[in-house]
$ cat my_file-v4.txt   # compact mmCIF, C-alpha atoms
# COMPACT_ATOMS: atom_id res chain seq x y z
CA MET N 1 14.25 30.82 9.93
CA ALA N 2 14.57 31.10 6.18
CA ALA N 3 13.02 27.65 5.89
CA PHE N 4 9.93 28.73 7.81
CA ARG N 5 9.60 31.86 5.72
CA GLN N 6 9.85 29.88 2.49
CA ILE N 7 7.36 27.26 3.63
CA PHE N 8 5.01 29.95 4.81
CA ALA N 9 5.28 31.87 1.51
CA ILE N 10 4.19 28.83 -0.52
CA LEU N 11 1.51 27.93 1.98
CA ARG N 12 0.21 31.48 1.89
CA LYS N 13 -0.01 31.34 -1.90
CA ASP N 14 -2.06 28.14 -1.78
CA LEU N 15 -4.38 29.39 0.92
CA LEU N 16 -4.88 32.73 -0.78
CA LEU N 17 -5.69 31.01 -4.05
CA GLU N 18 -8.23 28.84 -2.29
CA LEU N 19 -9.68 31.74 -0.37
CA ARG N 20 -10.40 33.53 -3.65
CA SER N 21 -11.70 30.63 -5.71
CA LYS N 22 -13.11 28.45 -2.91
CA GLU N 23 -13.04 25.76 -5.55
CA VAL N 24 -11.42 22.88 -3.68
CA LEU N 25 -13.13 23.31 -0.34
CA THR N 26 -16.66 23.56 -1.74
CA THR N 27 -16.14 20.56 -4.01
CA MET N 28 -14.80 18.52 -1.12
CA LEU N 29 -17.55 19.53 1.25
CA VAL N 30 -20.42 18.85 -1.14
CA PHE N 31 -18.90 15.54 -2.14
CA ALA N 32 -18.47 14.51 1.50
CA LEU N 33 -22.13 15.32 2.14
CA VAL N 34 -23.15 13.22 -0.86
CA VAL N 35 -21.16 10.30 0.54
CA VAL N 36 -22.81 10.66 3.94
CA VAL N 37 -26.27 10.73 2.36
CA LEU N 38 -25.48 7.69 0.23
CA PHE N 39 -24.40 5.75 3.30
CA ASN N 40 -27.74 6.54 4.90
CA PHE N 41 -29.35 4.11 2.45
CA VAL N 42 -27.15 1.27 3.61
CA PHE N 43 -28.76 1.18 7.04
CA ASP N 44 -32.30 1.44 8.30
CA PRO N 45 -32.97 4.89 9.73
CA GLY N 46 -32.55 5.00 13.47
CA ALA N 47 -31.07 1.54 13.64
CA GLU N 48 -28.61 0.99 16.45
CA GLU N 49 -25.86 -0.18 14.04
CA VAL N 50 -25.73 3.26 12.49
CA LYS N 51 -23.95 4.49 15.61
CA VAL N 52 -21.45 1.70 15.30
CA THR N 53 -20.78 2.50 11.66
CA ALA N 54 -20.80 6.29 12.05
CA PRO N 55 -16.99 6.53 12.50
CA GLY N 56 -16.52 4.47 9.34
CA ILE N 57 -18.93 6.66 7.39
CA LEU N 58 -17.21 9.79 8.68
CA TRP N 59 -13.78 8.60 7.59
CA VAL N 60 -14.90 7.24 4.23
CA ALA N 61 -16.45 10.64 3.53
CA ILE N 62 -13.23 12.35 4.63
CA VAL N 63 -10.85 10.24 2.57
CA PHE N 64 -13.06 10.25 -0.54
CA ALA N 65 -13.42 14.02 -0.39
CA GLY N 66 -9.75 14.32 0.56
CA ASN N 67 -8.79 12.34 -2.52
CA LEU N 68 -10.82 14.74 -4.62
CA GLY N 69 -9.15 17.75 -3.01
CA LEU N 70 -5.66 16.31 -3.38
CA SER N 71 -6.00 15.70 -7.10
CA ARG N 72 -7.51 19.15 -7.55
CA THR N 73 -4.75 20.99 -5.70
CA PHE N 74 -2.07 19.42 -7.84
CA ALA N 75 -4.00 19.92 -11.07
CA ARG N 76 -4.14 23.61 -10.19
CA GLU N 77 -0.36 23.55 -9.88
CA GLN N 78 -0.03 22.40 -13.46
CA GLU N 79 -2.16 25.15 -14.93
CA ASN N 80 -0.15 28.08 -16.24
CA GLY N 81 3.07 26.27 -15.36
CA VAL N 82 2.89 27.03 -11.64
CA ILE N 83 4.89 23.94 -10.81
CA GLN N 84 7.72 25.01 -13.13
CA GLY N 85 7.73 28.38 -11.39
CA LEU N 86 7.92 26.71 -8.00
CA LEU N 87 10.72 24.44 -9.15
CA LEU N 88 12.67 27.45 -10.38
CA CYS N 89 12.43 29.09 -6.99
CA PRO N 90 15.62 28.88 -4.95
CA ILE N 91 13.92 26.65 -2.38
CA ASP N 92 14.82 23.22 -1.12
CA ARG N 93 12.39 20.69 -2.63
CA SER N 94 11.61 19.25 0.78
CA TYR N 95 10.36 22.65 1.99
CA LEU N 96 8.09 22.66 -1.01
CA PHE N 97 6.80 19.30 0.15
CA VAL N 98 6.22 20.52 3.70
CA ALA N 99 4.30 23.53 2.42
CA LYS N 100 2.16 21.37 0.14
CA VAL N 101 1.39 18.86 2.87
CA LEU N 102 0.50 21.63 5.31
CA GLY N 103 -1.83 23.14 2.71
CA ASN N 104 -3.54 19.82 2.11
CA ILE N 105 -3.82 19.10 5.82
CA ILE N 106 -5.45 22.49 6.38
CA PHE N 107 -7.96 21.93 3.57
CA ILE N 108 -8.95 18.46 4.75
CA PHE N 109 -9.05 19.55 8.38
CA LEU N 110 -11.40 22.40 7.54
CA LEU N 111 -13.59 19.88 5.78
CA GLU N 112 -13.58 17.68 8.88
CA VAL N 113 -14.50 20.56 11.16
CA VAL N 114 -17.58 21.20 9.01
CA ILE N 115 -18.56 17.60 8.37
CA LEU N 116 -18.23 16.44 12.01
CA PRO N 117 -21.12 18.54 13.41
CA VAL N 118 -23.23 17.42 10.45
CA MET N 119 -22.46 13.79 11.32
CA ILE N 120 -23.25 14.39 14.98
CA VAL N 121 -26.64 15.83 14.10
CA LEU N 122 -27.52 13.31 11.39
CA PHE N 123 -26.40 10.18 13.22
CA ASP N 124 -27.15 11.29 16.79
CA VAL N 125 -23.63 10.74 18.05
CA HIS N 126 -22.75 11.70 21.61
CA ILE N 127 -19.22 12.87 22.17
CA GLY N 128 -19.40 14.41 25.61
CA GLY N 129 -16.09 15.61 26.95
CA ALA N 130 -13.98 13.90 24.32
CA TRP N 131 -13.94 16.97 22.04
CA PRO N 132 -10.24 17.89 22.19
CA MET N 133 -9.27 14.25 21.79
CA LEU N 134 -11.54 13.83 18.79
CA LEU N 135 -10.09 16.91 17.10
CA LEU N 136 -6.64 15.49 17.73
CA VAL N 137 -7.62 12.18 16.10
CA LEU N 138 -9.14 14.04 13.16
CA LEU N 139 -5.89 15.95 12.72
CA LEU N 140 -3.55 13.00 13.20
CA GLY N 141 -5.67 10.89 10.85
CA ILE N 142 -4.95 13.13 7.89
CA ILE N 143 -1.24 13.78 8.37
CA GLY N 144 -0.14 10.44 6.95
CA PHE N 145 -2.94 10.51 4.40
CA ALA N 146 -2.03 14.00 3.17
CA SER N 147 1.71 13.18 3.07
CA VAL N 148 1.23 10.15 0.84
CA GLY N 149 -1.51 11.97 -1.07
CA THR N 150 0.76 14.91 -1.86
CA VAL N 151 3.35 12.61 -3.42
CA PHE N 152 0.83 10.41 -5.24
CA SER N 153 -1.17 13.33 -6.65
CA ALA N 154 2.01 14.54 -8.32
CA ILE N 155 2.51 11.03 -9.71
CA SER N 156 -1.03 10.47 -10.92
CA ALA N 157 -1.25 13.89 -12.58
CA ASN N 158 1.57 12.79 -14.86
CA THR N 159 0.06 9.47 -15.92
CA LYS N 160 -2.13 8.88 -18.94
CA SER N 161 -5.23 8.35 -16.84
CA ARG N 162 -4.69 11.48 -14.73
CA GLU N 163 -6.89 11.80 -11.63
CA VAL N 164 -8.36 8.32 -12.05
CA MET N 165 -5.10 6.81 -10.89
CA LEU N 166 -4.93 8.66 -7.56
CA PRO N 167 -7.47 6.67 -5.50
CA ILE N 168 -6.09 3.39 -6.83
CA LEU N 169 -2.63 4.34 -5.61
CA LEU N 170 -3.63 6.22 -2.49
CA PHE N 171 -6.29 4.13 -0.73
CA PRO N 172 -4.57 0.75 -0.47
CA VAL N 173 -1.31 2.28 0.74
CA THR N 174 -2.89 4.54 3.35
CA ILE N 175 -5.19 1.88 4.78
CA PRO N 176 -3.11 1.60 7.99
CA VAL N 177 -3.76 5.28 8.81
CA ILE N 178 -7.39 5.14 7.74
CA LEU N 179 -7.98 1.99 9.79
CA SER N 180 -6.38 3.33 12.97
CA SER N 181 -8.26 6.64 12.55
CA ILE N 182 -11.57 4.79 12.27
CA LYS N 183 -10.78 2.64 15.30
CA SER N 184 -9.70 5.61 17.44
CA THR N 185 -12.79 7.59 16.43
CA ALA N 186 -15.04 4.60 17.13
CA TYR N 187 -13.62 4.27 20.63
CA LEU N 188 -14.17 7.98 21.24
CA PHE N 189 -17.74 7.83 19.91
CA ALA N 190 -18.43 4.85 22.15
CA GLY N 191 -17.06 6.75 25.15
CA ARG N 192 -14.31 4.24 25.86
CA GLU N 193 -11.32 4.77 28.16
CA LEU N 194 -8.50 6.93 26.89
CA SER N 195 -6.04 4.09 27.39
CA GLU N 196 -8.01 2.02 24.86
CA VAL N 197 -8.06 4.89 22.39
CA TRP N 198 -4.34 5.25 22.91
CA SER N 199 -3.72 1.67 21.72
CA TRP N 200 -4.88 2.70 18.24
CA LEU N 201 -3.66 6.26 18.43
CA ARG N 202 -0.15 4.90 18.91
CA VAL N 203 -0.40 2.98 15.64
CA LEU N 204 -1.78 6.08 13.95
CA VAL N 205 1.05 8.31 15.16
CA GLY N 206 3.60 5.68 14.13
CA PHE N 207 2.30 5.54 10.59
CA ASP N 208 2.00 9.32 10.38
CA VAL N 209 5.67 9.65 11.23
CA VAL N 210 6.80 6.87 8.85
CA PHE N 211 4.70 8.08 5.93
CA PHE N 212 5.66 11.72 6.45
CA VAL N 213 9.39 11.00 6.63
CA VAL N 214 9.46 8.62 3.66
CA CYS N 215 7.40 11.00 1.52
CA PHE N 216 9.54 13.93 2.64
CA ILE N 217 12.62 12.12 1.32
CA LEU N 218 11.03 10.88 -1.90
CA TYR N 219 9.16 14.01 -2.98
CA GLU N 220 12.05 15.47 -4.95
CA TYR N 221 12.14 12.42 -7.23
CA VAL N 222 8.50 12.92 -8.11
CA ILE N 223 8.51 16.56 -9.14
CA GLU N 224 11.91 16.53 -10.81
CA GLU N 225 11.52 17.44 -14.48
CA MET J 1 24.88 -12.72 -25.66
CA ASN J 2 24.79 -16.41 -26.33
CA LYS J 3 22.15 -17.12 -28.94
CA LYS J 4 22.04 -20.87 -29.15
CA SER J 5 22.05 -22.46 -25.72
CA ILE J 6 20.77 -21.51 -22.31
CA GLU J 7 23.48 -20.09 -20.12
CA PRO J 8 24.98 -22.66 -17.72
CA LEU J 9 23.78 -20.78 -14.63
CA TYR J 10 20.19 -20.89 -15.82
CA LEU J 11 20.51 -24.54 -16.68
CA LEU J 12 21.94 -25.36 -13.28
CA LEU J 13 19.19 -23.41 -11.52
CA LEU J 14 16.56 -25.13 -13.63
CA ILE J 15 17.87 -28.58 -12.77
CA VAL J 16 18.19 -27.82 -9.06
CA THR J 17 14.68 -26.36 -8.90
CA PHE J 18 13.25 -29.32 -10.77
CA LEU J 19 14.91 -31.77 -8.39
CA LEU J 20 13.81 -29.77 -5.35
CA MET J 21 10.24 -29.77 -6.60
CA GLY J 22 10.32 -33.55 -6.83
CA ILE J 23 11.75 -33.86 -3.33
CA SER J 24 9.19 -31.39 -1.92
CA LEU J 25 6.25 -33.22 -3.48
CA TYR J 26 7.57 -36.54 -2.20
CA LEU J 27 8.02 -35.13 1.30
CA ILE J 28 4.65 -33.39 1.33
CA PHE J 29 2.47 -36.20 0.06
CA ILE J 30 4.33 -39.41 0.97
CA VAL J 31 6.65 -38.84 3.93
CA THR J 32 5.06 -36.20 6.15
CA PRO J 33 2.22 -37.52 8.32
CA THR J 34 -1.27 -36.21 7.73
CA GLU J 35 -2.48 -33.67 10.25
CA ARG J 36 -4.87 -35.18 12.80
CA THR J 37 -7.80 -32.76 12.87
CA MET J 38 -7.66 -31.12 9.46
CA GLY J 39 -6.73 -34.17 7.43
CA GLU J 40 -5.47 -34.11 3.86
CA VAL J 41 -6.45 -30.50 3.26
CA GLN J 42 -3.67 -29.39 5.59
CA LYS J 43 -1.20 -30.27 2.80
CA ILE J 44 -2.10 -26.91 1.26
CA PHE J 45 -0.05 -25.46 4.10
CA TYR J 46 3.17 -26.47 2.33
CA PHE J 47 2.18 -24.37 -0.69
CA HIS J 48 0.35 -21.56 1.07
CA VAL J 49 3.11 -20.48 3.45
CA PRO J 50 6.00 -20.69 0.93
CA SER J 51 3.92 -18.67 -1.56
CA ALA J 52 3.45 -15.99 1.07
CA TRP J 53 7.14 -16.02 1.92
CA THR J 54 8.06 -15.74 -1.77
CA ALA J 55 5.65 -12.85 -2.22
CA PHE J 56 7.25 -10.98 0.69
CA LEU J 57 10.68 -11.66 -0.76
CA ALA J 58 9.57 -10.39 -4.16
CA PHE J 59 8.17 -7.17 -2.71
CA PHE J 60 11.29 -6.70 -0.64
CA ILE J 61 13.33 -6.89 -3.84
CA VAL J 62 10.97 -4.36 -5.45
CA CYS J 63 11.69 -1.96 -2.59
CA ILE J 64 15.47 -2.47 -2.60
CA ALA J 65 15.72 -2.27 -6.40
CA SER J 66 13.60 0.90 -6.33
CA ILE J 67 15.90 2.53 -3.79
CA VAL J 68 18.99 1.61 -5.80
CA PHE J 69 17.31 2.87 -8.97
CA LEU J 70 16.57 6.26 -7.42
CA LYS J 71 20.14 6.48 -6.15
CA THR J 72 21.91 5.38 -9.34
CA GLY J 73 19.41 6.06 -12.10
CA ASP J 74 20.41 2.84 -13.80
CA ALA J 75 17.41 1.48 -15.76
CA LYS J 76 18.26 -2.14 -15.08
CA TRP J 77 17.21 -1.75 -11.43
CA ASP J 78 13.87 -0.45 -12.60
CA LYS J 79 13.48 -3.53 -14.80
CA LEU J 80 14.38 -5.74 -11.86
CA ALA J 81 11.80 -4.03 -9.64
CA GLY J 82 9.09 -4.39 -12.28
CA SER J 83 9.90 -8.06 -12.88
CA SER J 84 9.94 -8.82 -9.18
CA ALA J 85 6.59 -7.08 -8.63
CA GLU J 86 4.94 -9.18 -11.34
CA ILE J 87 6.15 -12.40 -9.76
CA GLY J 88 5.20 -11.11 -6.30
CA ILE J 89 1.65 -10.61 -7.53
CA LEU J 90 1.66 -14.11 -8.96
CA PHE J 91 2.57 -15.58 -5.57
CA THR J 92 0.20 -13.29 -3.64
CA THR J 93 -2.53 -14.52 -5.97
CA LEU J 94 -1.55 -18.08 -5.12
CA VAL J 95 -1.77 -17.21 -1.41
CA LEU J 96 -5.22 -15.71 -1.94
CA ILE J 97 -6.37 -18.81 -3.85
CA THR J 98 -4.88 -21.50 -1.61
CA GLY J 99 -6.03 -19.68 1.55
CA PRO J 100 -9.79 -19.91 0.86
CA LEU J 101 -9.41 -23.48 -0.43
CA TRP J 102 -7.92 -24.39 2.92
CA ALA J 103 -10.27 -22.20 4.95
CA LYS J 104 -13.51 -23.63 3.56
CA PRO J 105 -13.23 -27.11 5.12
CA VAL J 106 -11.50 -25.86 8.29
CA TRP J 107 -13.24 -22.56 9.10
CA HIS J 108 -16.39 -23.40 7.06
CA VAL J 109 -16.08 -20.15 5.10
CA TYR J 110 -13.94 -19.22 2.12
CA TRP J 111 -13.23 -15.78 3.37
CA THR J 112 -13.41 -13.88 6.59
CA TRP J 113 -12.48 -10.23 7.05
CA ASP J 114 -9.77 -11.18 9.42
CA ALA J 115 -6.68 -9.00 9.79
CA ARG J 116 -4.27 -11.31 8.02
CA LEU J 117 -6.58 -12.03 5.10
CA THR J 118 -7.56 -8.42 4.67
CA THR J 119 -4.00 -7.16 4.75
CA SER J 120 -2.89 -9.80 2.23
CA PHE J 121 -5.68 -8.68 -0.05
CA ILE J 122 -4.59 -5.05 0.40
CA LEU J 123 -1.03 -6.02 -0.42
CA TRP J 124 -2.24 -7.60 -3.65
CA LEU J 125 -4.13 -4.39 -4.51
CA ILE J 126 -1.07 -2.23 -3.80
CA TYR J 127 1.07 -4.12 -6.27
CA ILE J 128 -1.70 -4.30 -8.86
CA ALA J 129 -1.73 -0.49 -8.58
CA TYR J 130 2.05 -0.57 -8.94
CA LEU J 131 1.83 -2.46 -12.23
CA MET J 132 -0.96 -0.21 -13.45
CA LEU J 133 1.18 2.81 -12.68
CA ARG J 134 4.04 1.30 -14.65
CA SER J 135 1.88 0.74 -17.70
CA TYR J 136 0.12 4.13 -17.55
CA THR J 137 3.14 6.39 -17.56
CA ALA J 138 3.99 7.51 -21.05
CA ASP J 139 7.46 8.89 -20.51
CA SER J 140 9.44 5.86 -19.44
CA GLU J 141 12.28 7.56 -17.56
CA ARG J 142 9.87 9.51 -15.45
CA GLY J 143 7.53 6.54 -15.15
CA ALA J 144 10.37 4.48 -13.77
CA ARG J 145 10.98 7.12 -11.12
CA PHE J 146 7.29 7.23 -10.20
CA ALA J 147 7.15 3.45 -9.99
CA ALA J 148 10.21 3.43 -7.75
CA VAL J 149 8.69 5.99 -5.39
CA PHE J 150 5.45 4.04 -5.24
CA GLY J 151 7.35 0.77 -4.79
CA ILE J 152 9.14 2.16 -1.74
CA ILE J 153 6.09 3.73 -0.09
CA GLY J 154 3.97 0.67 -0.86
CA PHE J 155 6.49 -1.59 0.82
CA ILE J 156 5.86 0.17 4.15
CA ASP J 157 2.66 -1.87 4.33
CA VAL J 158 4.37 -5.23 3.86
CA PRO J 159 5.70 -5.65 7.42
CA ILE J 160 2.22 -4.88 8.73
CA VAL J 161 0.85 -7.84 6.86
CA TYR J 162 3.39 -10.03 8.57
CA MET J 163 2.86 -8.45 11.99
CA SER J 164 -0.92 -8.22 11.66
CA ILE J 165 -1.53 -11.64 13.16
CA ARG J 166 0.37 -10.70 16.27
CA TRP J 167 -1.15 -7.26 16.72
CA TRP J 168 -4.76 -8.14 16.19
CA ARG J 169 -6.70 -11.09 17.46
CA THR J 170 -7.28 -13.31 14.52
CA LEU J 171 -8.44 -16.69 13.36
CA HIS J 172 -5.29 -17.15 11.36
CA PRO J 173 -2.65 -19.31 13.07
CA SER J 174 0.55 -17.78 14.44
CA PRO J 175 3.46 -17.36 12.10
CA VAL J 176 5.62 -20.44 11.97
CA MET J 177 8.70 -18.79 10.59
CA ALA J 178 10.88 -16.77 12.96
CA GLY J 179 8.01 -17.64 15.05
CA ASN J 180 6.21 -18.13 18.24
CA GLU J 181 6.60 -21.09 20.51
CA GLY J 182 2.86 -21.70 20.15
CA SER J 183 2.89 -22.66 16.49
CA GLY J 184 2.73 -26.29 17.59
CA LEU J 185 4.06 -27.91 14.47
CA ALA J 186 5.46 -31.45 14.42
CA PRO J 187 9.20 -31.59 13.58
CA GLU J 188 8.51 -33.57 10.36
CA MET J 189 6.13 -30.88 9.24
CA VAL J 190 8.63 -28.12 9.97
CA ARG J 191 11.24 -30.02 7.95
CA THR J 192 8.89 -30.42 4.99
CA LEU J 193 7.92 -26.78 5.21
CA MET J 194 11.57 -25.72 5.15
CA VAL J 195 12.27 -27.82 2.05
CA SER J 196 9.18 -26.40 0.42
CA LEU J 197 10.33 -22.89 1.30
CA VAL J 198 13.70 -23.48 -0.32
CA THR J 199 11.99 -24.90 -3.40
CA PHE J 200 9.73 -21.89 -3.76
CA THR J 201 12.67 -19.56 -3.29
CA PHE J 202 14.53 -21.30 -6.10
CA LEU J 203 11.43 -21.19 -8.28
CA PHE J 204 11.21 -17.48 -7.57
CA CYS J 205 14.86 -16.93 -8.53
CA ILE J 206 14.37 -18.72 -11.84
CA LEU J 207 11.18 -16.83 -12.67
CA LEU J 208 12.83 -13.56 -11.73
CA MET J 209 15.89 -14.23 -13.86
CA PHE J 210 13.82 -15.11 -16.91
CA ARG J 211 11.40 -12.24 -16.44
CA TYR J 212 14.29 -9.82 -15.96
CA LYS J 213 15.98 -11.12 -19.09
CA VAL J 214 12.78 -10.63 -21.09
CA ALA J 215 12.46 -7.09 -19.72
CA MET J 216 16.04 -6.29 -20.73
CA LEU J 217 15.53 -7.79 -24.20
CA LYS J 218 12.36 -5.77 -24.60
CA SER J 219 14.14 -2.54 -23.78
CA THR J 220 16.87 -3.46 -26.28
CA VAL J 221 14.23 -4.12 -28.95
CA ASP J 222 12.50 -0.84 -28.13
CA TYR J 223 15.79 0.98 -28.42
CA ILE J 224 16.57 -0.59 -31.81
CA LYS J 225 13.06 0.18 -33.03
CA SER J 226 13.34 3.82 -32.03
CA LYS J 227 16.70 4.00 -33.81
CA MET J 228 15.15 2.53 -36.96
CA ASP J 229 12.22 4.92 -36.90
CA SER J 230 14.35 8.01 -36.59
$ encode --input "my_file-v4.txt" --output "structure tokens"
Amino acid sequence: MAAFRQIFAILRKDLLLELRSKEVLTTMLVFALVVVVLFNFVFDPGAEEVKVTAPGILWVAIVFAGNLGLSRTFAREQENGVIQGLLLCPIDRSYLFVAKVLGNIIFIFLLEVVILPVMIVLFDVHIGGAWPMLLLVLLLGIIGFASVGTVFSAISANTKSREVMLPILLFPVTIPVILSSIKSTAYLFAGRELSEVWSWLRVLVGFDVVFFVVCFILYEYVIEE
Amino acid sequence: MNKKSIEPLYLLLLIVTFLLMGISLYLIFIVTPTERTMGEVQKIFYFHVPSAWTAFLAFFIVCIASIVFLKTGDAKWDKLAGSSAEIGILFTTLVLITGPLWAKPVWHVYWTWDARLTTSFILWLIYIAYLMLRSYTADSERGARFAAVFGIIGFIDVPIVYMSIRWWRTLHPSPVMAGNEGSGLAPEMVRTLMVSLVTFTFLFCILLMFRYKVAMLKSTVDYIKSKMDS
């Protein structure tokens, strides 16, 4: 029980901070919209291939904006020595990790919930009855990404090049999750059978679990002073 | 440390590797029959596959050395991981160069965004990022820890590269090693490949030993320099 209370306390701090500044979420959202608009120039308007590429555009927007959010949330931790304060707390480091990952997942998921309707309107995507499934994919797609991102944002913030380093570290490593998210979403957009979606969802869940567990174990080595 | 001569172990390894290279080249170009449909270009196979194997081995060592480093905190494991990653990139680069050279006459394109090719390319990017991370961290003790963490997480992707050609449909032929019955390779070719694999593994060991030694010497020099400055 104490673990849940501790995790919740840190999570609450992060959410409250964001609720008051709205800094991360707005930046992420606007950036994601910019990415979507930029992709519009790649294809002819109304072309049939836009529907095929819509899942890819959606996920590129999500991971680009997610990357931005991840580096921002950790940078905020460094201001005024917040991270030192957190490290001094009598909390297990892995709970700290869980709280951070949960915070990042919530931020990126909120972004997704806003950006998805925009995508549906702009690219004329038909989802039909696959709503709950799509939300599940959107959630599962960011668990592995946020886990690795939480560890790597702590790493990149301590390098000479700061935030620049994060996408270089994060994107190649998380490609398995990004790829399986795109494939699952594409199958859902195309109205394919659930069993087909499951073939990629399985891969996605597998990587989520592996990335989460490995990052959970390794986090303490990253934030150690 | 012996200043004048190369240590006997190095010398022995050097000689063995040199001999193996001669034997491999002889087997590849003189003894082994030329493949019927692809012709001479198929000889790249005996360099392409061992390079890939060596790269996997190198990245595996990066992962293991990183784990041991995090457990023990002994800097020599960090040096070993860094050295192994550099050589791994070298061999991945060789894979990415020999692959297109082979693909052009056979598939009529240098590159296709096929699962195996893409994942190999990603692997190369991961370890480039690894080396960048190593050079961008100012504080070396902490940097070593970061590199170790990244080396372990990055290695998660390595098995996927190997498995990718079984999971996805691809142009790339089935793996020969630990492989499928359908690889359809003549026994002479398998033999030559095995010899070539052993040769590349020896080459890797030599490169790793020398690179590791240089890394250790460099840290000694850095230490002496810092002593002299203070």
$ closest_atom_pairs --input "my_file-v4.txt" --of "chain J" --to "chain N" --cutoff "6 Å" --atoms "all atoms listed in the file" --output "JSON lines"
{"residue": "J:Ile122", "atom": "CA", "partner": "N:Pro172", "partner_atom": "CA", "distance": 5.9}
{"residue": "J:Ile126", "atom": "CA", "partner": "N:Pro172", "partner_atom": "CA", "distance": 5.7}
{"residue": "J:Ala129", "atom": "CA", "partner": "N:Leu169", "partner_atom": "CA", "distance": 5.7}
{"residue": "J:Tyr136", "atom": "CA", "partner": "N:Lys160", "partner_atom": "CA", "distance": 5.4}
{"residue": "J:Thr137", "atom": "CA", "partner": "N:Thr159", "partner_atom": "CA", "distance": 4.7}
{"residue": "J:Gly154", "atom": "CA", "partner": "N:Val173", "partner_atom": "CA", "distance": 5.7}
$ closest_residue --input "my_file-v4.txt" --among "J:Thr93, J:Thr98, J:Ser219, J:Ser66" --to "Arg145 in chain J" --atoms "all atoms listed in the file"
J:Ser66
$ closest_residue --input "my_file-v4.txt" --among "J:Ala215, J:Leu57, J:Ala144, J:Val221" --to "Gly73 in chain J" --atoms "all atoms listed in the file"
J:Ala144
$ residues_around --input "my_file-v4.txt" --residues "Lys43 in chain J" --least-positions-apart "4" --cutoff "12 Å" --atoms "only C-alpha atoms" --output "MDAnalysis selection string"
chainID J and resid 24:36 38:39 47:49 98:99 101:102 189 192:193 196
$ write_last_selection --input "my_file-v4.txt" --atoms "C-alpha atoms" --output "PDB file, keeping the file's coordinate frame"
ATOM      1  CA  SER J  24       9.190 -31.390  -1.920  1.00  0.00           C
ATOM      2  CA  LEU J  25       6.250 -33.220  -3.480  1.00  0.00           C
ATOM      3  CA  TYR J  26       7.570 -36.540  -2.200  1.00  0.00           C
ATOM      4  CA  LEU J  27       8.020 -35.130   1.300  1.00  0.00           C
ATOM      5  CA  ILE J  28       4.650 -33.390   1.330  1.00  0.00           C
ATOM      6  CA  PHE J  29       2.470 -36.200   0.060  1.00  0.00           C
ATOM      7  CA  ILE J  30       4.330 -39.410   0.970  1.00  0.00           C
ATOM      8  CA  VAL J  31       6.650 -38.840   3.930  1.00  0.00           C
ATOM      9  CA  THR J  32       5.060 -36.200   6.150  1.00  0.00           C
ATOM     10  CA  PRO J  33       2.220 -37.520   8.320  1.00  0.00           C
ATOM     11  CA  THR J  34      -1.270 -36.210   7.730  1.00  0.00           C
ATOM     12  CA  GLU J  35      -2.480 -33.670  10.250  1.00  0.00           C
ATOM     13  CA  ARG J  36      -4.870 -35.180  12.800  1.00  0.00           C
ATOM     14  CA  MET J  38      -7.660 -31.120   9.460  1.00  0.00           C
ATOM     15  CA  GLY J  39      -6.730 -34.170   7.430  1.00  0.00           C
ATOM     16  CA  PHE J  47       2.180 -24.370  -0.690  1.00  0.00           C
ATOM     17  CA  HIS J  48       0.350 -21.560   1.070  1.00  0.00           C
ATOM     18  CA  VAL J  49       3.110 -20.480   3.450  1.00  0.00           C
ATOM     19  CA  THR J  98      -4.880 -21.500  -1.610  1.00  0.00           C
ATOM     20  CA  GLY J  99      -6.030 -19.680   1.550  1.00  0.00           C
ATOM     21  CA  LEU J 101      -9.410 -23.480  -0.430  1.00  0.00           C
ATOM     22  CA  TRP J 102      -7.920 -24.390   2.920  1.00  0.00           C
ATOM     23  CA  MET J 189       6.130 -30.880   9.240  1.00  0.00           C
ATOM     24  CA  THR J 192       8.890 -30.420   4.990  1.00  0.00           C
ATOM     25  CA  LEU J 193       7.920 -26.780   5.210  1.00  0.00           C
ATOM     26  CA  SER J 196       9.180 -26.400   0.420  1.00  0.00           C
TER      27      SER J 196
END
$ closest_residue --input "my_file-v4.txt" --among "J:Ala186, J:Ile153, J:Val214, J:Leu197" --to "Gly144 in chain N" --atoms "all atoms listed in the file"
J:Ile153
$ atom_distance --input "my_file-v4.txt" --atom1 "CA of Val205 in chain N" --atom2 "CA of Ala75 in chain N"
29.1 Å
$ residues_near_point --input "my_file-v4.txt" --point "(-11.8, 18.1, -1.8)" --cutoff "10 Å" --atoms "only C-alpha atoms" --output "list in words"
Glu23, Val24, Leu25, Thr26, Thr27, Met28, Leu29, Val30, Phe31, Ala32, Ile62, Val63, Phe64, Ala65, Gly66, Asn67, Leu68, Gly69, Leu70, Ser71, Arg72, Thr73, Asn104, Phe107, Ile108 and Leu111 of chain N
$ write_last_selection --input "my_file-v4.txt" --atoms "C-alpha atoms" --output "compact mmCIF listing (two decimals), in the frame of the given file"
# COMPACT_ATOMS: atom_id res chain seq x y z
CA GLU N 23 -13.04 25.76 -5.55
CA VAL N 24 -11.42 22.88 -3.68
CA LEU N 25 -13.13 23.31 -0.34
CA THR N 26 -16.66 23.56 -1.74
CA THR N 27 -16.14 20.56 -4.01
CA MET N 28 -14.80 18.52 -1.12
CA LEU N 29 -17.55 19.53 1.25
CA VAL N 30 -20.42 18.85 -1.14
CA PHE N 31 -18.90 15.54 -2.14
CA ALA N 32 -18.47 14.51 1.50
CA ILE N 62 -13.23 12.35 4.63
CA VAL N 63 -10.85 10.24 2.57
CA PHE N 64 -13.06 10.25 -0.54
CA ALA N 65 -13.42 14.02 -0.39
CA GLY N 66 -9.75 14.32 0.56
CA ASN N 67 -8.79 12.34 -2.52
CA LEU N 68 -10.82 14.74 -4.62
CA GLY N 69 -9.15 17.75 -3.01
CA LEU N 70 -5.66 16.31 -3.38
CA SER N 71 -6.00 15.70 -7.10
CA ARG N 72 -7.51 19.15 -7.55
CA THR N 73 -4.75 20.99 -5.70
CA ASN N 104 -3.54 19.82 2.11
CA PHE N 107 -7.96 21.93 3.57
CA ILE N 108 -8.95 18.46 4.75
CA LEU N 111 -13.59 19.88 5.78
